[in-house]
Structure formats: C-alpha cells, structure tokens
$ cat coords.cif   # mmCIF, N, CA and C atoms
data_work
#
loop_
_atom_site.label_atom_id
_atom_site.label_comp_id
_atom_site.auth_asym_id
_atom_site.auth_seq_id
_atom_site.Cartn_x
_atom_site.Cartn_y
_atom_site.Cartn_z
N MET A 1 43.25 101.38 82.42
CA MET A 1 44.24 102.12 83.18
C MET A 1 44.71 103.29 82.32
N THR A 2 44.75 104.46 82.89
CA THR A 2 45.16 105.64 82.13
C THR A 2 46.66 105.85 82.25
N PRO A 3 47.29 106.24 81.15
CA PRO A 3 48.74 106.47 81.22
C PRO A 3 49.04 107.68 82.09
N PRO A 4 50.23 107.72 82.71
CA PRO A 4 50.58 108.86 83.55
C PRO A 4 50.69 110.13 82.72
N LYS A 5 50.30 111.23 83.33
CA LYS A 5 50.36 112.52 82.65
C LYS A 5 51.83 112.94 82.48
N LYS A 6 52.12 113.49 81.31
CA LYS A 6 53.45 114.04 81.09
C LYS A 6 53.50 115.43 81.70
N ARG A 7 54.63 115.76 82.24
CA ARG A 7 54.79 117.08 82.83
C ARG A 7 55.08 118.11 81.76
N THR A 8 54.54 119.26 81.92
CA THR A 8 54.85 120.36 81.01
C THR A 8 56.12 121.03 81.50
N ALA A 9 56.62 121.97 80.71
CA ALA A 9 57.86 122.66 81.06
C ALA A 9 57.75 123.37 82.40
N THR A 10 56.58 123.89 82.71
CA THR A 10 56.41 124.60 83.98
C THR A 10 56.26 123.65 85.15
N GLU A 11 55.96 122.39 84.89
CA GLU A 11 55.77 121.41 85.96
C GLU A 11 57.01 120.54 86.20
N GLN A 12 58.09 120.79 85.47
CA GLN A 12 59.31 119.99 85.61
C GLN A 12 59.82 120.06 87.05
N LYS A 13 60.43 118.97 87.47
CA LYS A 13 61.05 118.96 88.79
C LYS A 13 62.11 120.04 88.83
N PRO A 14 62.23 120.72 89.94
CA PRO A 14 63.31 121.71 90.02
C PRO A 14 64.67 121.01 89.95
N ARG A 15 65.57 121.62 89.24
CA ARG A 15 66.91 121.06 89.07
C ARG A 15 67.67 121.15 90.38
N ARG A 16 68.33 120.07 90.71
CA ARG A 16 69.16 120.07 91.92
C ARG A 16 70.49 120.73 91.60
N TYR A 17 70.83 121.72 92.36
CA TYR A 17 72.09 122.42 92.16
C TYR A 17 73.10 121.96 93.21
N ALA A 18 74.34 121.92 92.79
CA ALA A 18 75.41 121.59 93.73
C ALA A 18 75.53 122.73 94.73
N PRO A 19 75.84 122.42 95.97
CA PRO A 19 76.00 123.49 96.95
C PRO A 19 77.13 124.43 96.54
N ARG A 20 76.97 125.69 96.87
CA ARG A 20 78.03 126.65 96.56
C ARG A 20 79.24 126.37 97.41
N LEU A 21 80.38 126.40 96.77
CA LEU A 21 81.65 126.19 97.46
C LEU A 21 82.59 127.33 97.11
N PRO A 22 83.50 127.66 98.02
CA PRO A 22 84.54 128.63 97.64
C PRO A 22 85.36 128.06 96.48
N PRO A 23 85.92 128.93 95.63
CA PRO A 23 86.64 128.45 94.44
C PRO A 23 87.72 127.41 94.75
N GLU A 24 88.47 127.58 95.82
CA GLU A 24 89.55 126.62 96.11
C GLU A 24 88.98 125.24 96.46
N GLU A 25 87.88 125.20 97.20
CA GLU A 25 87.24 123.92 97.52
C GLU A 25 86.66 123.28 96.26
N ARG A 26 86.04 124.08 95.41
CA ARG A 26 85.47 123.55 94.17
C ARG A 26 86.58 123.02 93.28
N ARG A 27 87.69 123.74 93.24
CA ARG A 27 88.84 123.31 92.44
C ARG A 27 89.32 121.93 92.90
N GLU A 28 89.45 121.76 94.21
CA GLU A 28 89.89 120.46 94.74
C GLU A 28 88.87 119.37 94.43
N GLN A 29 87.58 119.71 94.53
CA GLN A 29 86.53 118.75 94.21
C GLN A 29 86.64 118.29 92.76
N LEU A 30 86.88 119.23 91.87
CA LEU A 30 86.99 118.89 90.44
C LEU A 30 88.25 118.08 90.16
N LEU A 31 89.35 118.41 90.83
CA LEU A 31 90.58 117.63 90.65
C LEU A 31 90.38 116.21 91.18
N ASP A 32 89.69 116.08 92.32
CA ASP A 32 89.41 114.74 92.87
C ASP A 32 88.52 113.95 91.91
N ALA A 33 87.52 114.60 91.33
CA ALA A 33 86.63 113.93 90.38
C ALA A 33 87.41 113.48 89.15
N THR A 34 88.32 114.31 88.69
CA THR A 34 89.14 113.96 87.53
C THR A 34 90.02 112.75 87.83
N LEU A 35 90.65 112.78 88.98
CA LEU A 35 91.51 111.66 89.36
C LEU A 35 90.70 110.37 89.48
N ALA A 36 89.50 110.46 90.04
CA ALA A 36 88.65 109.28 90.17
C ALA A 36 88.25 108.74 88.79
N LEU A 37 87.94 109.64 87.86
CA LEU A 37 87.59 109.20 86.50
C LEU A 37 88.77 108.51 85.82
N ILE A 38 89.95 109.07 85.99
CA ILE A 38 91.14 108.46 85.39
C ILE A 38 91.36 107.07 85.98
N ALA A 39 91.19 106.95 87.29
CA ALA A 39 91.38 105.65 87.94
C ALA A 39 90.33 104.64 87.50
N GLN A 40 89.10 105.09 87.28
CA GLN A 40 88.01 104.18 86.91
C GLN A 40 88.01 103.81 85.44
N LYS A 41 88.19 104.82 84.57
CA LYS A 41 87.97 104.59 83.15
C LYS A 41 89.19 104.82 82.28
N GLY A 42 90.28 105.32 82.86
CA GLY A 42 91.47 105.58 82.07
C GLY A 42 91.52 107.01 81.57
N TYR A 43 92.71 107.44 81.26
CA TYR A 43 92.97 108.82 80.85
C TYR A 43 92.19 109.20 79.59
N GLU A 44 92.09 108.30 78.65
CA GLU A 44 91.48 108.60 77.35
C GLU A 44 89.99 108.94 77.47
N SER A 45 89.33 108.48 78.52
CA SER A 45 87.89 108.70 78.63
C SER A 45 87.53 109.97 79.40
N VAL A 46 88.51 110.73 79.84
CA VAL A 46 88.25 111.94 80.62
C VAL A 46 87.79 113.08 79.71
N SER A 47 86.70 113.73 80.11
CA SER A 47 86.19 114.88 79.38
C SER A 47 85.66 115.89 80.39
N MET A 48 85.50 117.14 79.95
CA MET A 48 84.97 118.16 80.84
C MET A 48 83.54 117.80 81.27
N GLU A 49 82.76 117.24 80.36
CA GLU A 49 81.39 116.84 80.69
C GLU A 49 81.39 115.72 81.72
N GLY A 50 82.26 114.73 81.54
CA GLY A 50 82.35 113.63 82.50
C GLY A 50 82.80 114.09 83.87
N ILE A 51 83.73 115.02 83.90
CA ILE A 51 84.22 115.56 85.17
C ILE A 51 83.09 116.32 85.87
N ALA A 52 82.37 117.13 85.11
CA ALA A 52 81.25 117.89 85.67
C ALA A 52 80.20 116.94 86.24
N ARG A 53 79.88 115.91 85.49
CA ARG A 53 78.87 114.94 85.94
C ARG A 53 79.34 114.25 87.22
N LYS A 54 80.60 113.83 87.24
CA LYS A 54 81.15 113.14 88.42
C LYS A 54 81.12 114.04 89.65
N ALA A 55 81.38 115.33 89.46
CA ALA A 55 81.40 116.28 90.58
C ALA A 55 80.02 116.82 90.92
N GLY A 56 79.03 116.55 90.06
CA GLY A 56 77.67 117.03 90.32
C GLY A 56 77.48 118.51 90.04
N VAL A 57 78.24 119.01 89.06
CA VAL A 57 78.13 120.42 88.67
C VAL A 57 77.91 120.49 87.16
N THR A 58 77.74 121.70 86.66
CA THR A 58 77.58 121.88 85.22
C THR A 58 78.94 122.16 84.58
N LYS A 59 79.01 121.96 83.27
CA LYS A 59 80.27 122.23 82.56
C LYS A 59 80.76 123.66 82.74
N PRO A 60 79.89 124.67 82.71
CA PRO A 60 80.40 126.03 82.90
C PRO A 60 81.16 126.22 84.22
N VAL A 61 80.76 125.49 85.26
CA VAL A 61 81.48 125.57 86.54
C VAL A 61 82.91 125.09 86.35
N VAL A 62 83.07 124.00 85.62
CA VAL A 62 84.40 123.45 85.37
C VAL A 62 85.22 124.42 84.52
N TYR A 63 84.61 124.94 83.46
CA TYR A 63 85.31 125.87 82.58
C TYR A 63 85.65 127.19 83.28
N ASP A 64 84.84 127.60 84.26
CA ASP A 64 85.15 128.84 84.99
C ASP A 64 86.44 128.70 85.79
N LEU A 65 86.67 127.51 86.35
CA LEU A 65 87.88 127.31 87.17
C LEU A 65 89.09 126.87 86.35
N PHE A 66 88.83 126.11 85.29
CA PHE A 66 89.89 125.61 84.42
C PHE A 66 89.46 125.95 82.99
N GLY A 67 90.23 126.72 82.29
CA GLY A 67 89.84 127.16 80.96
C GLY A 67 89.69 126.05 79.94
N SER A 68 90.38 124.94 80.15
CA SER A 68 90.33 123.85 79.19
C SER A 68 90.66 122.54 79.90
N LEU A 69 90.43 121.44 79.21
CA LEU A 69 90.77 120.13 79.76
C LEU A 69 92.28 120.05 80.00
N ALA A 70 93.06 120.61 79.09
CA ALA A 70 94.52 120.60 79.26
C ALA A 70 94.93 121.34 80.53
N ASP A 71 94.29 122.48 80.80
CA ASP A 71 94.59 123.24 82.02
C ASP A 71 94.22 122.44 83.27
N LEU A 72 93.09 121.77 83.22
CA LEU A 72 92.65 120.96 84.35
C LEU A 72 93.62 119.81 84.59
N LEU A 73 94.01 119.12 83.55
CA LEU A 73 94.95 117.99 83.69
C LEU A 73 96.32 118.47 84.17
N GLU A 74 96.74 119.64 83.72
CA GLU A 74 98.02 120.21 84.18
C GLU A 74 97.93 120.52 85.67
N ALA A 75 96.82 121.08 86.12
CA ALA A 75 96.63 121.37 87.55
C ALA A 75 96.61 120.08 88.36
N LEU A 76 95.98 119.04 87.83
CA LEU A 76 95.96 117.75 88.51
C LEU A 76 97.37 117.18 88.62
N LEU A 77 98.11 117.26 87.54
CA LEU A 77 99.48 116.77 87.52
C LEU A 77 100.32 117.50 88.57
N GLU A 78 100.19 118.82 88.62
CA GLU A 78 100.97 119.60 89.59
C GLU A 78 100.58 119.26 91.02
N ARG A 79 99.28 119.10 91.27
CA ARG A 79 98.83 118.75 92.62
C ARG A 79 99.35 117.39 93.04
N GLU A 80 99.22 116.40 92.16
CA GLU A 80 99.66 115.05 92.49
C GLU A 80 101.18 114.98 92.63
N GLU A 81 101.89 115.76 91.82
CA GLU A 81 103.34 115.82 91.94
C GLU A 81 103.72 116.36 93.32
N GLU A 82 103.08 117.43 93.73
CA GLU A 82 103.36 118.03 95.04
C GLU A 82 103.06 117.04 96.16
N ARG A 83 101.94 116.35 96.06
CA ARG A 83 101.58 115.35 97.08
C ARG A 83 102.62 114.23 97.14
N ALA A 84 103.03 113.75 95.98
CA ALA A 84 104.01 112.66 95.94
C ALA A 84 105.35 113.09 96.53
N LEU A 85 105.79 114.28 96.17
CA LEU A 85 107.06 114.78 96.70
C LEU A 85 106.97 115.01 98.21
N ASN A 86 105.84 115.48 98.69
CA ASN A 86 105.66 115.66 100.13
C ASN A 86 105.69 114.32 100.86
N GLN A 87 105.10 113.30 100.25
CA GLN A 87 105.13 111.97 100.86
C GLN A 87 106.56 111.43 100.90
N LEU A 88 107.30 111.65 99.82
CA LEU A 88 108.70 111.21 99.80
C LEU A 88 109.52 111.96 100.85
N ALA A 89 109.28 113.25 100.98
CA ALA A 89 110.01 114.05 101.96
C ALA A 89 109.74 113.56 103.38
N GLU A 90 108.51 113.14 103.65
CA GLU A 90 108.18 112.62 104.97
C GLU A 90 108.90 111.31 105.26
N LEU A 91 109.16 110.53 104.23
CA LEU A 91 109.81 109.24 104.41
C LEU A 91 111.33 109.35 104.55
N MET A 92 111.88 110.44 104.07
CA MET A 92 113.33 110.61 104.11
C MET A 92 113.77 110.92 105.54
N PRO A 93 114.85 110.29 105.98
CA PRO A 93 115.36 110.61 107.32
C PRO A 93 115.95 112.02 107.33
N THR A 94 115.86 112.65 108.47
CA THR A 94 116.41 114.00 108.61
C THR A 94 117.92 113.87 108.78
N PRO A 95 118.71 114.56 107.94
CA PRO A 95 120.16 114.46 108.07
C PRO A 95 120.66 115.19 109.32
N ALA A 96 121.78 114.74 109.82
CA ALA A 96 122.41 115.41 110.97
C ALA A 96 122.80 116.82 110.55
N GLU A 97 122.85 117.72 111.52
CA GLU A 97 123.16 119.11 111.21
C GLU A 97 124.54 119.29 110.59
N ASP A 98 125.49 118.43 110.97
CA ASP A 98 126.86 118.58 110.46
C ASP A 98 127.13 117.69 109.24
N ALA A 99 126.06 117.11 108.66
CA ALA A 99 126.24 116.21 107.51
C ALA A 99 126.67 117.00 106.28
N ASP A 100 127.57 116.39 105.50
CA ASP A 100 128.03 117.00 104.26
C ASP A 100 127.01 116.66 103.16
N PRO A 101 126.45 117.68 102.50
CA PRO A 101 125.44 117.41 101.46
C PRO A 101 125.95 116.49 100.36
N ALA A 102 127.24 116.51 100.07
CA ALA A 102 127.79 115.66 99.01
C ALA A 102 127.74 114.19 99.40
N ASP A 103 127.72 113.91 100.70
CA ASP A 103 127.68 112.52 101.16
C ASP A 103 126.28 112.00 101.40
N MET A 104 125.31 112.86 101.38
CA MET A 104 123.94 112.45 101.72
C MET A 104 123.37 111.43 100.73
N GLY A 105 123.63 111.59 99.45
CA GLY A 105 123.10 110.66 98.46
C GLY A 105 123.68 109.28 98.59
N THR A 106 124.96 109.18 98.94
CA THR A 106 125.60 107.87 99.05
C THR A 106 125.02 107.06 100.20
N ALA A 107 124.47 107.73 101.21
CA ALA A 107 123.84 107.01 102.32
C ALA A 107 122.62 106.23 101.83
N PHE A 108 122.04 106.65 100.74
CA PHE A 108 120.87 105.98 100.18
C PHE A 108 121.22 105.20 98.92
N GLY A 109 122.49 105.00 98.66
CA GLY A 109 122.91 104.27 97.48
C GLY A 109 122.78 105.06 96.20
N LEU A 110 122.79 106.39 96.30
CA LEU A 110 122.68 107.24 95.12
C LEU A 110 124.01 107.88 94.80
N ASP A 111 124.21 108.18 93.53
CA ASP A 111 125.40 108.91 93.12
C ASP A 111 125.18 110.38 93.46
N ALA A 112 126.04 110.97 94.26
CA ALA A 112 125.86 112.34 94.72
C ALA A 112 126.57 113.34 93.82
N SER A 113 126.77 113.01 92.57
CA SER A 113 127.43 113.92 91.64
C SER A 113 126.51 115.09 91.32
N PHE A 114 127.04 116.30 91.42
CA PHE A 114 126.26 117.49 91.15
C PHE A 114 126.61 118.08 89.79
N GLU A 115 127.41 117.39 88.99
CA GLU A 115 127.80 117.90 87.69
C GLU A 115 126.69 117.63 86.68
N GLU A 116 126.58 118.54 85.71
CA GLU A 116 125.62 118.34 84.63
C GLU A 116 126.17 117.29 83.67
N PRO A 117 125.33 116.39 83.17
CA PRO A 117 125.83 115.41 82.21
C PRO A 117 126.20 116.10 80.89
N ALA A 118 127.22 115.57 80.25
CA ALA A 118 127.67 116.14 78.98
C ALA A 118 126.64 115.88 77.88
N MET A 119 126.00 114.73 77.91
CA MET A 119 125.01 114.37 76.91
C MET A 119 123.64 114.33 77.58
N PRO A 120 122.59 114.71 76.87
CA PRO A 120 121.26 114.62 77.47
C PRO A 120 120.92 113.16 77.76
N THR A 121 120.25 112.93 78.86
CA THR A 121 119.86 111.57 79.19
C THR A 121 118.68 111.17 78.32
N PRO A 122 118.65 109.92 77.87
CA PRO A 122 117.54 109.49 77.03
C PRO A 122 116.22 109.61 77.79
N GLY A 123 115.20 109.96 77.09
CA GLY A 123 113.88 110.09 77.71
C GLY A 123 112.81 109.93 76.65
N TRP A 124 111.63 110.39 76.97
CA TRP A 124 110.52 110.26 76.03
C TRP A 124 110.79 110.98 74.72
N GLY A 125 111.51 112.10 74.79
CA GLY A 125 111.76 112.85 73.56
C GLY A 125 112.51 112.04 72.52
N HIS A 126 113.25 111.02 72.96
CA HIS A 126 114.03 110.20 72.04
C HIS A 126 113.25 108.98 71.54
N THR A 127 112.12 108.66 72.19
CA THR A 127 111.40 107.45 71.81
C THR A 127 110.05 107.72 71.17
N LEU A 128 109.56 108.96 71.27
CA LEU A 128 108.26 109.27 70.68
C LEU A 128 108.45 109.88 69.30
N PRO A 129 107.51 109.63 68.40
CA PRO A 129 107.59 110.27 67.09
C PRO A 129 107.43 111.78 67.23
N PRO A 130 107.99 112.56 66.30
CA PRO A 130 107.86 114.01 66.38
C PRO A 130 106.41 114.44 66.48
N GLY A 131 106.14 115.44 67.33
CA GLY A 131 104.79 115.97 67.51
C GLY A 131 103.96 115.21 68.51
N SER A 132 104.48 114.12 69.10
CA SER A 132 103.72 113.34 70.08
C SER A 132 103.79 114.02 71.44
N GLU A 133 102.73 113.83 72.21
CA GLU A 133 102.68 114.35 73.57
C GLU A 133 103.32 113.34 74.51
N ILE A 134 104.03 113.83 75.51
CA ILE A 134 104.56 112.96 76.55
C ILE A 134 103.39 112.64 77.49
N PRO A 135 103.14 111.37 77.78
CA PRO A 135 102.04 111.02 78.68
C PRO A 135 102.19 111.74 80.02
N TRP A 136 101.07 112.20 80.61
CA TRP A 136 101.15 112.99 81.83
C TRP A 136 101.78 112.21 82.97
N GLU A 137 101.59 110.88 82.98
CA GLU A 137 102.20 110.08 84.05
C GLU A 137 103.73 110.16 83.96
N SER A 138 104.24 110.18 82.76
CA SER A 138 105.68 110.24 82.54
C SER A 138 106.23 111.63 82.86
N ARG A 139 105.42 112.65 82.58
CA ARG A 139 105.86 114.00 82.94
C ARG A 139 105.98 114.13 84.44
N LEU A 140 105.09 113.46 85.18
CA LEU A 140 105.16 113.50 86.64
C LEU A 140 106.49 112.90 87.10
N ILE A 141 106.86 111.78 86.54
CA ILE A 141 108.12 111.15 86.91
C ILE A 141 109.29 112.03 86.51
N ARG A 142 109.22 112.59 85.31
CA ARG A 142 110.32 113.44 84.82
C ARG A 142 110.49 114.67 85.71
N ARG A 143 109.38 115.32 86.10
CA ARG A 143 109.46 116.51 86.93
C ARG A 143 109.98 116.21 88.33
N SER A 144 109.65 115.05 88.86
CA SER A 144 110.07 114.73 90.20
C SER A 144 111.54 114.34 90.25
N GLY A 145 112.13 114.11 89.09
CA GLY A 145 113.55 113.77 89.03
C GLY A 145 113.85 112.32 89.38
N LEU A 146 112.81 111.49 89.42
CA LEU A 146 113.02 110.06 89.75
C LEU A 146 113.53 109.31 88.55
#
$ encode --input "coords.cif" --output "structure tokens"
Amino acid sequence: MTPPKKRTATEQKPRRYAPRLPPEERREQLLDATLALIAQKGYESVSMEGIARKAGVTKPVVYDLFGSLADLLEALLEREEERALNQLAELMPTPAEDADPADMGTAFGLDASFEEPAMPTPGWGHTLPPGSEIPWESRLIRRSGL
C-alpha cells in the first residue's frame, strides 16, 4: 500500500474565510465570542487568539476593531452593563406622574437619601493591594450602583 501523497504549497486546500460583516455586526460577534469564552473557560483564559478562533476570524480582524484585549474587555463590560441596566429598567414599575421622586426609593425598601456620604464607602480600593486591578465583574457592579 502506498502512503498518501503530501500536498505541496500550491495544492493546499483553500483557506475558509469568515463571511464579510459590517463592522458593528463583527464587533457584536467578537463580543459574543468573548463572553462565551469567559463563560466556558474563565476570564484568565481569554486571549485575542482564542477570541478570533471562537469567532472564526483571524487575529488582525479582532485587532482592527479592538486595539487590545483590554479595549475588547472594556467594550464587553460596557455592553453587558447596558444590557443589565436595561433589563432592570424593564422590571421596574412605572411611577405615577404625580409621584414625588424622594419617595420612590422607599416604595422599594431603599433609602432615598440624595446626600453625598461624608466618608467614601468601602470598596475594592480598600481591600486590594496597591497596583491591583479591580476585577471586571466588580467594576460592572460598581458602575451600575448596585
């Protein structure tokens, strides 16, 4: 039995290219791929190469839309924050037109005080060693004000 012939460079299978998408659609595709990778393998395993592979594109496509992994993760954080806040807004009852804004929080068991606290509230900045990054999940909570 003769071994199969190896293909030469000119005989290689043509590379499958991802279909062209408008930049906004490609951006959403890459953000979805990033979120899926985080859900599957955890934040620490996310890389530009892994995101490109998951989305079926090359790394330059990812770098063209997001200059760096940090930029991509920041965009993901902002998108997910917006989605979460929109979901919360949909769940909130619509206040009556004559409702006093100061009383609205008490209807939900919240303190409706609009004064700034005299002392900063404890947060990640008080518990992390100097120079540490705040985990992106915690920044999402911090930005949403929850």
$ atom_distance --input "coords.cif" --atom1 "atom C of Thr34 (chain A)" --atom2 "atom N of Met92 (chain A)"
27.3 Å
$ closest_atom_pairs --input "coords.cif" --of "region 53-105 of chain A" --to "region 42-49 of chain A" --cutoff "6.5 Å" --atoms "all atoms listed in the file" --output "Markdown table"
| residue | atom | partner | partner_atom | distance |
| --- | --- | --- | --- | --- |
| A:Arg53 | N | A:Glu49 | C | 4.1 |
| A:Lys54 | N | A:Glu49 | C | 5.9 |
| A:Lys59 | CA | A:Met48 | C | 5.7 |
| A:Leu69 | CA | A:Met48 | N | 6.1 |
$ atom_distance --input "coords.cif" --atom1 "CA of Glu97 (chain A)" --atom2 "atom N of Glu82 (chain A)"
26.7 Å
$ resolve_selection --input "coords.cif" --expression "the PyMOL selection byres (((chain A and resi 32 and name CA) around 12) and name CA)" --output "ChimeraX atom specification"
/A:25-31,33-39,51-52,54-55,72-73,75-77,79-80
$ write_last_selection --input "coords.cif" --atoms "N, CA and C atoms" --output "mmCIF file, in the coordinates of the input"
data_model
loop_
_atom_site.group_PDB
_atom_site.id
_atom_site.type_symbol
_atom_site.label_atom_id
_atom_site.label_comp_id
_atom_site.auth_asym_id
_atom_site.auth_seq_id
_atom_site.Cartn_x
_atom_site.Cartn_y
_atom_site.Cartn_z
ATOM 1 N N GLU A 25 87.880 125.200 97.200
ATOM 2 C CA GLU A 25 87.240 123.920 97.520
ATOM 3 C C GLU A 25 86.660 123.280 96.260
ATOM 4 N N ARG A 26 86.040 124.080 95.410
ATOM 5 C CA ARG A 26 85.470 123.550 94.170
ATOM 6 C C ARG A 26 86.580 123.020 93.280
ATOM 7 N N ARG A 27 87.690 123.740 93.240
ATOM 8 C CA ARG A 27 88.840 123.310 92.440
ATOM 9 C C ARG A 27 89.320 121.930 92.900
ATOM 10 N N GLU A 28 89.450 121.760 94.210
ATOM 11 C CA GLU A 28 89.890 120.460 94.740
ATOM 12 C C GLU A 28 88.870 119.370 94.430
ATOM 13 N N GLN A 29 87.580 119.710 94.530
ATOM 14 C CA GLN A 29 86.530 118.750 94.210
ATOM 15 C C GLN A 29 86.640 118.290 92.760
ATOM 16 N N LEU A 30 86.880 119.230 91.870
ATOM 17 C CA LEU A 30 86.990 118.890 90.440
ATOM 18 C C LEU A 30 88.250 118.080 90.160
ATOM 19 N N LEU A 31 89.350 118.410 90.830
ATOM 20 C CA LEU A 31 90.580 117.630 90.650
ATOM 21 C C LEU A 31 90.380 116.210 91.180
ATOM 22 N N ALA A 33 87.520 114.600 91.330
ATOM 23 C CA ALA A 33 86.630 113.930 90.380
ATOM 24 C C ALA A 33 87.410 113.480 89.150
ATOM 25 N N THR A 34 88.320 114.310 88.690
ATOM 26 C CA THR A 34 89.140 113.960 87.530
ATOM 27 C C THR A 34 90.020 112.750 87.830
ATOM 28 N N LEU A 35 90.650 112.780 88.980
ATOM 29 C CA LEU A 35 91.510 111.660 89.360
ATOM 30 C C LEU A 35 90.700 110.370 89.480
ATOM 31 N N ALA A 36 89.500 110.460 90.040
ATOM 32 C CA ALA A 36 88.650 109.280 90.170
ATOM 33 C C ALA A 36 88.250 108.740 88.790
ATOM 34 N N LEU A 37 87.940 109.640 87.860
ATOM 35 C CA LEU A 37 87.590 109.200 86.500
ATOM 36 C C LEU A 37 88.770 108.510 85.820
ATOM 37 N N ILE A 38 89.950 109.070 85.990
ATOM 38 C CA ILE A 38 91.140 108.460 85.390
ATOM 39 C C ILE A 38 91.360 107.070 85.980
ATOM 40 N N ALA A 39 91.190 106.950 87.290
ATOM 41 C CA ALA A 39 91.380 105.650 87.940
ATOM 42 C C ALA A 39 90.330 104.640 87.500
ATOM 43 N N ILE A 51 83.730 115.020 83.900
ATOM 44 C CA ILE A 51 84.220 115.560 85.170
ATOM 45 C C ILE A 51 83.090 116.320 85.870
ATOM 46 N N ALA A 52 82.370 117.130 85.110
ATOM 47 C CA ALA A 52 81.250 117.890 85.670
ATOM 48 C C ALA A 52 80.200 116.940 86.240
ATOM 49 N N LYS A 54 80.600 113.830 87.240
ATOM 50 C CA LYS A 54 81.150 113.140 88.420
ATOM 51 C C LYS A 54 81.120 114.040 89.650
ATOM 52 N N ALA A 55 81.380 115.330 89.460
ATOM 53 C CA ALA A 55 81.400 116.280 90.580
ATOM 54 C C ALA A 55 80.020 116.820 90.920
ATOM 55 N N LEU A 72 93.090 121.770 83.220
ATOM 56 C CA LEU A 72 92.650 120.960 84.350
ATOM 57 C C LEU A 72 93.620 119.810 84.590
ATOM 58 N N LEU A 73 94.010 119.120 83.550
ATOM 59 C CA LEU A 73 94.950 117.990 83.690
ATOM 60 C C LEU A 73 96.320 118.470 84.170
ATOM 61 N N ALA A 75 96.820 121.080 86.120
ATOM 62 C CA ALA A 75 96.630 121.370 87.550
ATOM 63 C C ALA A 75 96.610 120.080 88.360
ATOM 64 N N LEU A 76 95.980 119.040 87.830
ATOM 65 C CA LEU A 76 95.960 117.750 88.510
ATOM 66 C C LEU A 76 97.370 117.180 88.620
ATOM 67 N N LEU A 77 98.110 117.260 87.540
ATOM 68 C CA LEU A 77 99.480 116.770 87.520
ATOM 69 C C LEU A 77 100.320 117.500 88.570
ATOM 70 N N ARG A 79 99.280 119.100 91.270
ATOM 71 C CA ARG A 79 98.830 118.750 92.620
ATOM 72 C C ARG A 79 99.350 117.390 93.040
ATOM 73 N N GLU A 80 99.220 116.400 92.160
ATOM 74 C CA GLU A 80 99.660 115.050 92.490
ATOM 75 C C GLU A 80 101.180 114.980 92.630
#
$ atom_distance --input "coords.cif" --atom1 "atom C of Ser68 (chain A)" --atom2 "atom N of Gly50 (chain A)"
11.6 Å
$ select_by_dssp --input "coords.cif" --residues "region 19-80 of chain A" --states "helix (DSSP H, G or I)" --output "MDAnalysis selection string"
chainID A and resid 23:41 43:45 48:55 59:65 69:80
